[in-house]
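Here is the structure we will look at, set down as structure tokens.
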Amino acid sequence: MTTLIINIKELLQVRDSTILKVSGKDMAILPSIKNAFLLIKDDLIADYGCMYELYDVIYDEKIDATGKIILPTWCDSHTHIVYAGNRELEFVDRIHGLSYEEIANRGGGILNSAKALQNTSEDELYEQSVKRVKEVIKLGTGALEIKSGYGLSVESELKMLRVIKRIKQDFTIAVKSTFLGAHAIPLEYKNNKQAYIDVIINDMLPKISSENLVDFIDVFCENGYFSLEDTEQILKVGSQYGFIPKIHVNQFNAFGGVALAVKHHALSVDHLEELNEDDIAALKNSSTMPVALPSCSYFLGIPYTPARKLIDADLPFALASDYNPGSAPSGNMNFVVSTACIKMKVTPEEAINAATINGAYAMGISKDYGSITIGKKANLIITKEIPSYYYLPYAFGDNHIDKVIINGKTVHY
């Protein structure tokens with residue numbers, strides 16, 4: 001099938017195929033073409049250019065995008081979208097003054113989600129999760145990383161990962177799967193953390209590998225969860241199975257987790273609400289992508305990732321939703337982009353780069369996703385008629401999306 005889109009007000013994120021991420025000052029540059037056309041053949045971008053360059057094309061469908069802007073779909077590189085139930089009561093607890101850590105210390109938080117998931121069947125978990133996946137696609141997400149970590153037992157972690165595998169098979173968006181068994185310490189191992197780490201290493205990882213369930217491995221490297229030594233122990237074994245690290249680090253404390261992640265060639269380090277000069281130095285000259293999660297900061301009332309420090313150090317960063325029931329119960333990447341501009345003081349250009357091409361890089365898929373590039377997947381957001389792309393983060397409470405195209409086809413949910 002061939003689709004021709006004409007009269008595009010502005011075509012954003014037009015890139016050469018050799019550019020897989022952008023860093024530092026280059027993040028402020030968002031290449032675009034005004035009054036453009038875009039040609040899609042089957043599921044790929046086939047051509048684009050100015051309207052005056054348009055040649056005779058045989059097409060099956062033509063879309064007139066007068067007054068509308070087209071950009072790549074969002075690439076959300078950090079979610080926990082597969083979960084059971086919700087944690088709205090903890091939301092009220094925080095209003096009453098309890099912190100995230102205090103809730104966790106009394107048996108809430110991740111352990112609450114684990115209990116709910118353990119009591120939910122695989123089919124029901126799939127049905128709950130699919131509703132969320134469809135919703136984020138409608139909101140413009142065209143690539144999605146999904147973590148386990150609410151199972152915290154061999155059976156339940158496998159249940160989560162099998163649901164993620166079903167989502168991969170049933171949806172045409174790009175889905176990457178991450179094993180996060182080291183998300184929290186189950187109550188039965190409260191006084192023997194090493195015994196739980198042994199379960200992860202000796203029981204979970206071999207079974208996950210044998211079923212080919214994951215792309216990445218993750219650890220919540222944080223005080224009260226998993227130490228540097230714990231993290232290294234898990235990553236070393238994960239590497240033996242070929243699992244690339246993506247590490248939760250520096251959400252509440254900075255104590256060397258970033259340097260450890262870089263040492264193990266992590267594809268990304270995620271959260272980074274706390275960041276010091278040693279962390280910045282560790283990231284320089286590495287291939288590791290820093291990932292900011294502003295919805296989490298917004299929801300928990302904690303600091304935001306200091307994106308300007310990263311940019312000033314000539315580093316890249318990506319934006320992701322952290323969609324989860326406890327600290328970021330939304331997968332709306334449009335809100336993520338707006339919040340980054342408003343609270344992290346990044347420009348619209350920097351935010352869009354962070355949520356598209358750099359988000360794709362943080363999933364290892366920027367050769368095929370994240371920019372308007374000939375040969376890449378035709379995953380596109382077509383906006384409503386808006387004044388400029390600045391309006392996307394500016395009018396943060398509105399839905400500016402007219403159409404979402406995934407693999408060359410308009411989504412209808």
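For the structure tokens, the naming scheme is as follows: chains receive sequential letters (A, B, ...) according to their order of presentation, residues are indexed from 1 within each chain, and ligands are indexed from 1 in presentation order.
The environment of segment 316-322 of chain A within 6 Å, counting only C-alpha atoms and disregarding residues fewer than 5 places along the same chain, consists of A:Ser23, A:Gly24, A:Asp76, A:Ser77, A:His78, A:Thr79, A:Met289, A:Pro290, A:Val291, A:Ala292, A:Leu293, A:Ala328, A:Gly331, A:Ala354, A:Ala355, A:Asn358, A:Gly359.
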Written file, previous selection with N, CA and C atoms, as a compact mmCIF listing (two decimals), in the first residue's frame:
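File produced: again_30.txt:
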```txt
# COMPACT_ATOMS: atom_id res chain seq x y z
N SER A 23 23.17 14.96 20.91
CA SER A 23 23.74 15.28 22.21
C SER A 23 24.01 16.77 22.34
N GLY A 24 24.10 17.23 23.59
CA GLY A 24 24.55 18.58 23.88
C GLY A 24 23.81 19.65 23.10
N ASP A 76 8.85 5.63 23.88
CA ASP A 76 8.82 5.61 25.35
C ASP A 76 9.69 4.46 25.85
N SER A 77 10.87 4.78 26.31
CA SER A 77 11.89 3.77 26.60
C SER A 77 11.87 3.26 28.04
N HIS A 78 10.89 3.68 28.83
CA HIS A 78 10.85 3.23 30.24
C HIS A 78 9.40 3.20 30.71
N THR A 79 8.81 1.99 30.75
CA THR A 79 7.47 1.85 31.31
C THR A 79 7.36 0.56 32.12
N MET A 289 22.77 6.12 27.48
CA MET A 289 21.83 7.22 27.36
C MET A 289 21.20 7.55 28.71
N PRO A 290 21.37 8.78 29.21
CA PRO A 290 20.63 9.20 30.40
C PRO A 290 19.14 9.37 30.04
N VAL A 291 18.25 8.88 30.90
CA VAL A 291 16.81 8.97 30.65
C VAL A 291 16.14 9.67 31.83
N ALA A 292 15.41 10.73 31.52
CA ALA A 292 14.67 11.49 32.53
C ALA A 292 13.21 11.07 32.52
N LEU A 293 12.59 11.08 33.71
CA LEU A 293 11.21 10.63 33.88
C LEU A 293 10.42 11.71 34.61
N ALA A 328 3.99 7.04 38.69
CA ALA A 328 3.72 7.75 37.44
C ALA A 328 2.58 7.05 36.70
N GLY A 331 0.81 7.18 30.90
CA GLY A 331 1.75 6.95 29.81
C GLY A 331 1.66 8.01 28.74
N ALA A 354 14.46 14.43 22.60
CA ALA A 354 14.60 13.49 23.71
C ALA A 354 13.53 12.41 23.69
N ALA A 355 12.34 12.75 23.19
CA ALA A 355 11.21 11.82 23.22
C ALA A 355 11.05 11.03 21.93
N ASN A 358 16.21 10.10 20.60
CA ASN A 358 16.99 9.63 21.76
C ASN A 358 16.23 8.56 22.54
N GLY A 359 14.91 8.63 22.56
CA GLY A 359 14.13 7.56 23.16
C GLY A 359 14.30 6.26 22.41
```
Take atom CA of Tyr241 of chain A and atom CA of Asp198 of chain A and report the distance between them in Å, one decimal.
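Computed distance, atom CA of Tyr241 of chain A to atom CA of Asp198 of chain A, equals 15.7 Å.
Using only C-alpha atoms, the shortest contact distance between Leu380 of chain A and any of A:Phe37, A:Tyr52, A:Phe179, A:Trp74 is found at A:Trp74.
Straight-line separation from atom CA of Thr172 of chain A to atom CA of Ile110 of chain A: 29.6 Å.
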Nearest to Arg94 of chain A among A:Met333, A:Ala28, A:Val163, A:Leu300, with distances taken over only C-alpha atoms: which residue is it?
A:Leu300
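For the set A:Val22, A:Glu188, A:Phe226, A:Asn379, the residue with the smallest atom-to-atom gap to Val411 of chain A is A:Asn379, counting only C-alpha atoms.
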Just want the 10 Å neighbourhood of Ser297 of chain A, counted on only C-alpha atoms, with same-chain residues fewer than 2 positions away dropped. Output as a ChimeraX atom specification.
/A:251,271,273,292-295,299-305,327-328,339,343
12 Å contact set for Asp314 of chain A, only C-alpha atoms, chain neighbours under 4 positions out, as number ranges by chain:
A: 22-28, 280-281, 283-286, 307-310
Per DSSP on the backbone, what are the strand (DSSP E) residues of segment 147-324 of chain A, as a PyMOL selection string?
chain A and resi 147+174-182+216-221+244-249+268-271+289-292+318-319
Which of these, A:Ser156, A:Asn112, A:Ser268, A:Thr3, has the shortest distance to Leu125 of chain A once you count only C-alpha atoms?
A:Ser156
Compare A:Asp270, A:Asp398, A:Glu229, A:Asp93 by their minimum atom-to-atom distance to Phe252 of chain A, counting only C-alpha atoms, and give me the closest one.
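Ranked by minimum distance to Phe252 of chain A, first place goes to A:Asp270.
Proximity of A:Thr231, A:Asn86, A:Ser330, A:Thr18 to Ser366 of chain A, computed with only C-alpha atoms, is greatest for A:Thr18.
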